[in-house]
Amino acid sequence: MLVYNSQNHRKQELETIEPDKVRMYVCGPTVYDQIHIGNARTFLSFDVIRRYLMYKGYEVTFAQNLTDVDDKIINRANEEGRSAAEVAEEYSAAFIEQMHRFGILDPDIRPRATREIEAMQEMIALLVERGHAYATDSGDVYFSVRSDHNYGVLSGRELDQLRAGERVEVNEEKRDPFDFALWKAAKPGEPSWPSAWGEGRPGWHTECCAMIHRYLGTPIDIHGGGQDLVFPHHENETAQAMCAWGTALANTWMHTGMLRVNGDKMSKSLGNFFTLQEILDRYPADAVRLLMLQTHYRSSLDFQTDQLDGAVGTLERLRTCVKNLRWAAEHAAAGDGALSEADRALSAAASDAQASFVRQMDDDFNTAGGLAAIFELVTVANRYLDEVGGRTATAVTLRAADTLVELAEVLGLTLEASASELPDELVELAHEHAGYEGTSPDAAAEALLAARQQARANKDWGTADAIRDALTALGLVLEDTAAGARLRRA
RNA sequence: GGCGACGUGGCCAAGUGGUAAGGCAGAGGCCUGCAAAGCCUUUAUCUCCGGUUCGAAUCCGGACGUCGCCUCCA
C-alpha cells in the first residue's frame, strides 16, 4: 500500500520496520480548552488510518500524548485563579470524553508530559553533552539549530531563508533566533521540576520526542499531526532525535490538511469557531465522521453545516439499506436454493465493493474513494431488493449486508445499532386499537400491525392512518414492504 | 520576501496520460390507498493561454485566482 510521506512529498510503498507491525504516534492536544473540530479532523484521520492498517493485518501500536504543562495552560489557570494541574485535568478528561463520543479508538499508550519529565531531562542532557544544546544564565536550555546541519530537512526550509522575511524574537541569550527552548526556567508560581539546570519545565518540542523514544523507540514507522505542525514543531522534533540518538524520529511523516468553516479559516475573531462538543451536541457523531471522510485527509476541508444536514440523511441511507437487506433475508420465501441472475449480480457487487474499497484505501487512505465503493454496493443492493421482492437469496443478501457493515466499520462508521427495545407505550396503544390484553411490547407491536393490516384490507384508511400516526408519535416509523409491514426507529 | 498546497457539474468531492467515481441538493417519472423506504431518467470536457503526445483534468511553461505555513495553532 502507498502512503504519502510529507518529508519528501511522495507516495511510497509502506515498508514497516518490523514485519507486519506499525508503530505510530500522533501529537495530542495541549489541554487548556475544549478541542475544536479542526483538531477533531486530524484525530479522526489518524483513527481511520489506524483502523485500516489493522484491517490489513498490521499489529499497530498507537501512542498519543497529552501536553499537560504549557504556557497556555498556565495562562488559563492564572485567569481563572486555579492551578495549572486543575486546568489540565479538566480538559484532559474533556478531551478523552469527546474522543469517545466521536468514536475514536483509545491510543494504546497515552503518556502525559508531566509524568515524563525524567525522560525529557535525559534527552536534554544528551543534547547538551553532544554540543547541540546549551544552558543560559537564566536557567533555560536551548537547542542550537546551527549545530545541526540537517536542520530544515522535514519542512524544506533553510535557516537563512527563514531569516529573510522573519521578524526576530529579541532574546539576547539565544545564539540564533531560531534556537528553541528544550527547558524553561520556572517563574514564580509556575509548575516546575528540579533539574541540572535549575527549577523549570520542558519545552513543547521536547515532550513528543522523549515520549516517542521511551515508549516506541526510534525511529517509528509513522508520525502524524496537522499540517501546521510541520514547522516548527515537527522540524524541531526530528532535529532533536537526530542529534540526540543519531536516528531519524520517523520513517514516514503524515500531515492532515487544515479545516475551514463555511469558506473561512476557523478563528475565534470570525466567530466561526466550533468545538467538537458543540457539533456533537447537534449532530450524530457518525454523520460528522461521514462528512469529513468524504474529503481526502491531506486536502483542506471546508466544513459546512448545511452539508452536515445532508450527511445525516446519507448515513441513514446506509443504515436503512442494511436493515432492508436483513429484513428481506429474514422474510424471504423458501426457494430451491438455485441462484438467479440477480442473486449472482449482488454477490459479485459485494466482492467488487470489497476489492474497490481496498484498492482505494491502499492508495494513501483514500476514504472518499472507499466510501464510493460502499455506496455503489448500496445502490446495487437496493435495486436488487426492488427487483426480487420477497424472493431474495438469504445467503447472498446477508453477505451484502455483512460487507457493508464491515467496510463501514473500517471507517469507524456503525451501521447497525444494538437492537433497541420497543417502548412500553405500545402495550397501551395496542389495547386501545387492537384489543390487546398482554404486557409485551413486541407482541403489542404485532397486534397493532395486524390490526392496521385488517383496516387496510377493509379500506378503512382512517383507522390505518390513526395507528401509523400513533406509532410515529412514539418515534417509530412504519413501512409497508413487499414482505409485509415493519417497524423501525426514526 | 521564503516554503508549500490547490482551482473538477448548483454545493461538496475522487480521479496524475486513453474520451470524467461517489455524496448532497434540484427536476421529471415509477412503486404506494396515502405515506415511508427504494428504483429509473436528467445536469461537466475539468480557471484561462501555450507546449509535449496518436491521445491530457492528469506532464511542462505562463497568466489569473484561492488557501496554508514561516508567531510553541491539529
# chains A, B, ... in the order shown; residues from 1 in each chain; ligands from 1
$ residues_around --residues "Gly200 (chain A)" --least-positions-apart "4" --cutoff "7 Å" --atoms "only C-alpha atoms (C1' of nucleotides)" --output "PyMOL selection string"
chain A and resi 183-186+192-194
$ write_last_selection --atoms "all heavy atoms" --output "PDB file, in the first residue's frame"
ATOM      1  N   TRP A 183      14.171  23.428  27.669  1.00  0.00           N
ATOM      2  CA  TRP A 183      13.851  23.504  29.095  1.00  0.00           C
ATOM      3  C   TRP A 183      13.672  24.971  29.437  1.00  0.00           C
ATOM      4  O   TRP A 183      14.478  25.809  28.996  1.00  0.00           O
ATOM      5  CB  TRP A 183      14.996  22.896  29.919  1.00  0.00           C
ATOM      6  CG  TRP A 183      14.702  22.788  31.374  1.00  0.00           C
ATOM      7  CD1 TRP A 183      15.125  23.635  32.365  1.00  0.00           C
ATOM      8  CD2 TRP A 183      13.920  21.782  32.013  1.00  0.00           C
ATOM      9  NE1 TRP A 183      14.652  23.215  33.577  1.00  0.00           N
ATOM     10  CE2 TRP A 183      13.909  22.072  33.401  1.00  0.00           C
ATOM     11  CE3 TRP A 183      13.215  20.652  31.555  1.00  0.00           C
ATOM     12  CZ2 TRP A 183      13.222  21.290  34.332  1.00  0.00           C
ATOM     13  CZ3 TRP A 183      12.550  19.877  32.471  1.00  0.00           C
ATOM     14  CH2 TRP A 183      12.554  20.176  33.838  1.00  0.00           C
ATOM     15  N   LYS A 184      12.625  25.262  30.170  1.00  0.00           N
ATOM     16  CA  LYS A 184      12.349  26.658  30.502  1.00  0.00           C
ATOM     17  C   LYS A 184      12.461  26.856  32.005  1.00  0.00           C
ATOM     18  O   LYS A 184      11.806  26.137  32.780  1.00  0.00           O
ATOM     19  CB  LYS A 184      10.935  27.040  30.070  1.00  0.00           C
ATOM     20  CG  LYS A 184      10.714  26.969  28.582  1.00  0.00           C
ATOM     21  CD  LYS A 184       9.287  27.387  28.245  1.00  0.00           C
ATOM     22  CE  LYS A 184       9.122  27.483  26.744  1.00  0.00           C
ATOM     23  NZ  LYS A 184       7.824  28.055  26.367  1.00  0.00           N
ATOM     24  N   ALA A 185      13.246  27.839  32.384  1.00  0.00           N
ATOM     25  CA  ALA A 185      13.376  28.145  33.810  1.00  0.00           C
ATOM     26  C   ALA A 185      12.019  28.562  34.364  1.00  0.00           C
ATOM     27  O   ALA A 185      11.253  29.252  33.697  1.00  0.00           O
ATOM     28  CB  ALA A 185      14.384  29.272  33.999  1.00  0.00           C
ATOM     29  N   ALA A 186      11.718  28.126  35.563  1.00  0.00           N
ATOM     30  CA  ALA A 186      10.407  28.406  36.153  1.00  0.00           C
ATOM     31  C   ALA A 186      10.317  29.841  36.632  1.00  0.00           C
ATOM     32  O   ALA A 186      11.268  30.396  37.183  1.00  0.00           O
ATOM     33  CB  ALA A 186      10.165  27.463  37.325  1.00  0.00           C
ATOM     34  N   SER A 192       6.873  23.403  38.218  1.00  0.00           N
ATOM     35  CA  SER A 192       8.273  23.198  37.852  1.00  0.00           C
ATOM     36  C   SER A 192       8.816  21.921  38.472  1.00  0.00           C
ATOM     37  O   SER A 192       8.232  21.364  39.405  1.00  0.00           O
ATOM     38  CB  SER A 192       9.111  24.387  38.310  1.00  0.00           C
ATOM     39  OG  SER A 192       9.151  24.428  39.722  1.00  0.00           O
ATOM     40  N   TRP A 193       9.910  21.489  37.928  1.00  0.00           N
ATOM     41  CA  TRP A 193      10.590  20.292  38.395  1.00  0.00           C
ATOM     42  C   TRP A 193      12.082  20.607  38.546  1.00  0.00           C
ATOM     43  O   TRP A 193      12.611  21.422  37.767  1.00  0.00           O
ATOM     44  CB  TRP A 193      10.418  19.156  37.389  1.00  0.00           C
ATOM     45  CG  TRP A 193       9.013  18.640  37.301  1.00  0.00           C
ATOM     46  CD1 TRP A 193       8.518  17.542  37.923  1.00  0.00           C
ATOM     47  CD2 TRP A 193       7.934  19.200  36.538  1.00  0.00           C
ATOM     48  NE1 TRP A 193       7.180  17.374  37.609  1.00  0.00           N
ATOM     49  CE2 TRP A 193       6.796  18.388  36.759  1.00  0.00           C
ATOM     50  CE3 TRP A 193       7.797  20.329  35.708  1.00  0.00           C
ATOM     51  CZ2 TRP A 193       5.550  18.644  36.190  1.00  0.00           C
ATOM     52  CZ3 TRP A 193       6.571  20.592  35.138  1.00  0.00           C
ATOM     53  CH2 TRP A 193       5.451  19.757  35.374  1.00  0.00           C
ATOM     54  N   PRO A 194      12.725  19.989  39.515  1.00  0.00           N
ATOM     55  CA  PRO A 194      14.155  20.228  39.672  1.00  0.00           C
ATOM     56  C   PRO A 194      14.922  19.614  38.502  1.00  0.00           C
ATOM     57  O   PRO A 194      14.485  18.614  37.920  1.00  0.00           O
ATOM     58  CB  PRO A 194      14.502  19.516  40.986  1.00  0.00           C
ATOM     59  CG  PRO A 194      13.438  18.493  41.171  1.00  0.00           C
ATOM     60  CD  PRO A 194      12.196  19.059  40.538  1.00  0.00           C
TER      61      PRO A 194
END
$ interface_residues --of "chain A" --to "chain B" --cutoff "7 Å" --atoms "only C-alpha atoms (C1' of nucleotides)" --output "list in words"
Gly38, Asn39, Thr42, Gly156, Arg157, Gln161, Leu162, Ala164, Gly165, Trp204, Gly225, Gly226, Asp228, Gln294, Thr295, Gln307, Gly310, Ala368, Gly369, Ala372, Asn382, Arg383, Asp386, Leu478 and Glu479 of chain A
$ residues_around --residues "region 195-197 of chain A" --least-positions-apart "4" --cutoff "12 Å" --atoms "only C-alpha atoms (C1' of nucleotides)" --output "PyMOL selection string"
chain A and resi 117-122+124-125+128+134-142+182-186+201-202
$ residues_around --residues "His132 (chain A)" --least-positions-apart "3" --cutoff "9 Å" --atoms "only C-alpha atoms (C1' of nucleotides)" --output "number ranges by chain"
A: 126-129, 142-148, 240, 243-244
$ write_last_selection --atoms "N, CA, C and O atoms" --output "compact mmCIF listing (two decimals), in the first residue's frame"
# COMPACT_ATOMS: atom_id res chain seq x y z
N LEU A 126 21.68 14.75 27.07
CA LEU A 126 22.42 14.15 25.96
C LEU A 126 22.72 15.20 24.89
O LEU A 126 23.82 15.25 24.32
N LEU A 127 21.74 16.04 24.62
CA LEU A 127 21.94 17.08 23.60
C LEU A 127 22.99 18.11 24.05
O LEU A 127 23.79 18.57 23.24
N VAL A 128 22.96 18.43 25.33
CA VAL A 128 23.97 19.37 25.85
C VAL A 128 25.36 18.75 25.74
O VAL A 128 26.31 19.36 25.25
N GLU A 129 25.41 17.50 26.14
CA GLU A 129 26.68 16.77 26.12
C GLU A 129 27.27 16.71 24.72
O GLU A 129 28.48 16.81 24.53
N TYR A 142 18.55 25.80 25.49
CA TYR A 142 18.13 25.93 24.09
C TYR A 142 18.82 24.91 23.20
O TYR A 142 19.97 24.55 23.42
N PHE A 143 18.07 24.52 22.19
CA PHE A 143 18.64 23.70 21.13
C PHE A 143 19.31 24.65 20.15
O PHE A 143 18.74 25.67 19.78
N SER A 144 20.51 24.30 19.72
CA SER A 144 21.23 25.15 18.79
C SER A 144 20.98 24.67 17.36
O SER A 144 21.53 23.67 16.93
N VAL A 145 20.15 25.43 16.65
CA VAL A 145 19.81 24.99 15.29
C VAL A 145 21.03 24.98 14.37
O VAL A 145 21.12 24.18 13.44
N ARG A 146 21.97 25.89 14.65
CA ARG A 146 23.16 25.95 13.79
C ARG A 146 24.09 24.76 13.99
O ARG A 146 24.96 24.50 13.17
N SER A 147 23.90 24.06 15.07
CA SER A 147 24.75 22.90 15.32
C SER A 147 24.27 21.68 14.53
O SER A 147 24.93 20.66 14.50
N ASP A 148 23.09 21.82 13.92
CA ASP A 148 22.51 20.69 13.21
C ASP A 148 22.47 21.01 11.72
O ASP A 148 21.65 21.79 11.27
N GLN A 240 15.99 17.11 17.12
CA GLN A 240 16.43 16.60 18.42
C GLN A 240 16.76 15.12 18.37
O GLN A 240 17.77 14.67 18.93
N CYS A 243 19.99 14.50 16.55
CA CYS A 243 21.17 14.95 17.29
C CYS A 243 21.39 14.16 18.58
O CYS A 243 22.52 13.95 19.00
N ALA A 244 20.32 13.72 19.19
CA ALA A 244 20.46 13.00 20.46
C ALA A 244 20.82 11.54 20.25
O ALA A 244 21.68 11.00 20.93
$ residues_around --residues "Gln227 (chain A)" --least-positions-apart "4" --cutoff "6 Å" --atoms "only C-alpha atoms (C1' of nucleotides)" --output "NGL selection string"
:A and (255-257)
$ residues_around --residues "Ile49 (chain A)" --least-positions-apart "4" --cutoff "10 Å" --atoms "only C-alpha atoms (C1' of nucleotides)" --output "MDAnalysis selection string"
chainID A and resid 43:45 53:55 297 361 364:367 410:411
$ write_last_selection --atoms "C-alpha atoms" --output "CSV table (one decimal), in the first residue's frame"
chain,number,residue,atom,x,y,z
A,43,PHE,CA,-7.6,12.8,15.2
A,44,LEU,CA,-10.3,11.3,13.0
A,45,SER,CA,-8.0,11.0,10.1
A,53,LEU,CA,-3.8,-0.7,9.0
A,54,MET,CA,-5.4,-3.1,11.5
A,55,TYR,CA,-7.8,-4.2,8.9
A,297,TYR,CA,-7.2,13.6,4.7
A,361,MET,CA,-7.7,2.8,0.8
A,364,ASP,CA,-2.8,6.7,0.7
A,365,PHE,CA,-6.0,6.1,2.6
A,366,ASN,CA,-8.4,7.5,0.0
A,367,THR,CA,-11.5,7.4,2.2
A,410,VAL,CA,-13.1,0.2,9.0
A,411,LEU,CA,-14.0,3.8,8.6
$ residues_around --residues "Asn272 (chain A)" --least-positions-apart "3" --cutoff "12 Å" --atoms "only C-alpha atoms (C1' of nucleotides)" --output "JSON, numbers by chain"
{"A": [36, 37, 38, 259, 260, 261, 262, 263, 264, 265, 266, 267, 268, 269, 275, 278, 303, 304, 305]}
$ select_by_dssp --residues "region 344-466 of chain A" --states "helix (DSSP H, G or I)" --output "ChimeraX atom specification"
/A:344-362,367-388,394-410,425-434,441-457,461-466
$ atom_distance --atom1 "C1' of U58 (chain B)" --atom2 "CA of Leu290 (chain A)"
27.5 Å
$ closest_residue --among "B:G17, B:G62, B:G9, B:G29" --to "G50 (chain B)" --atoms "only C-alpha atoms (C1' of nucleotides)"
B:G62
$ closest_residue --among "A:Phe274, A:Tyr4, A:Tyr52, A:Phe95" --to "Ala408 (chain A)" --atoms "only C-alpha atoms"
A:Tyr52
$ closest_residue --among "A:Leu429, A:Leu413, A:Ala285, A:Ala210" --to "Met99 (chain A)" --atoms "only C-alpha atoms"
A:Ala285
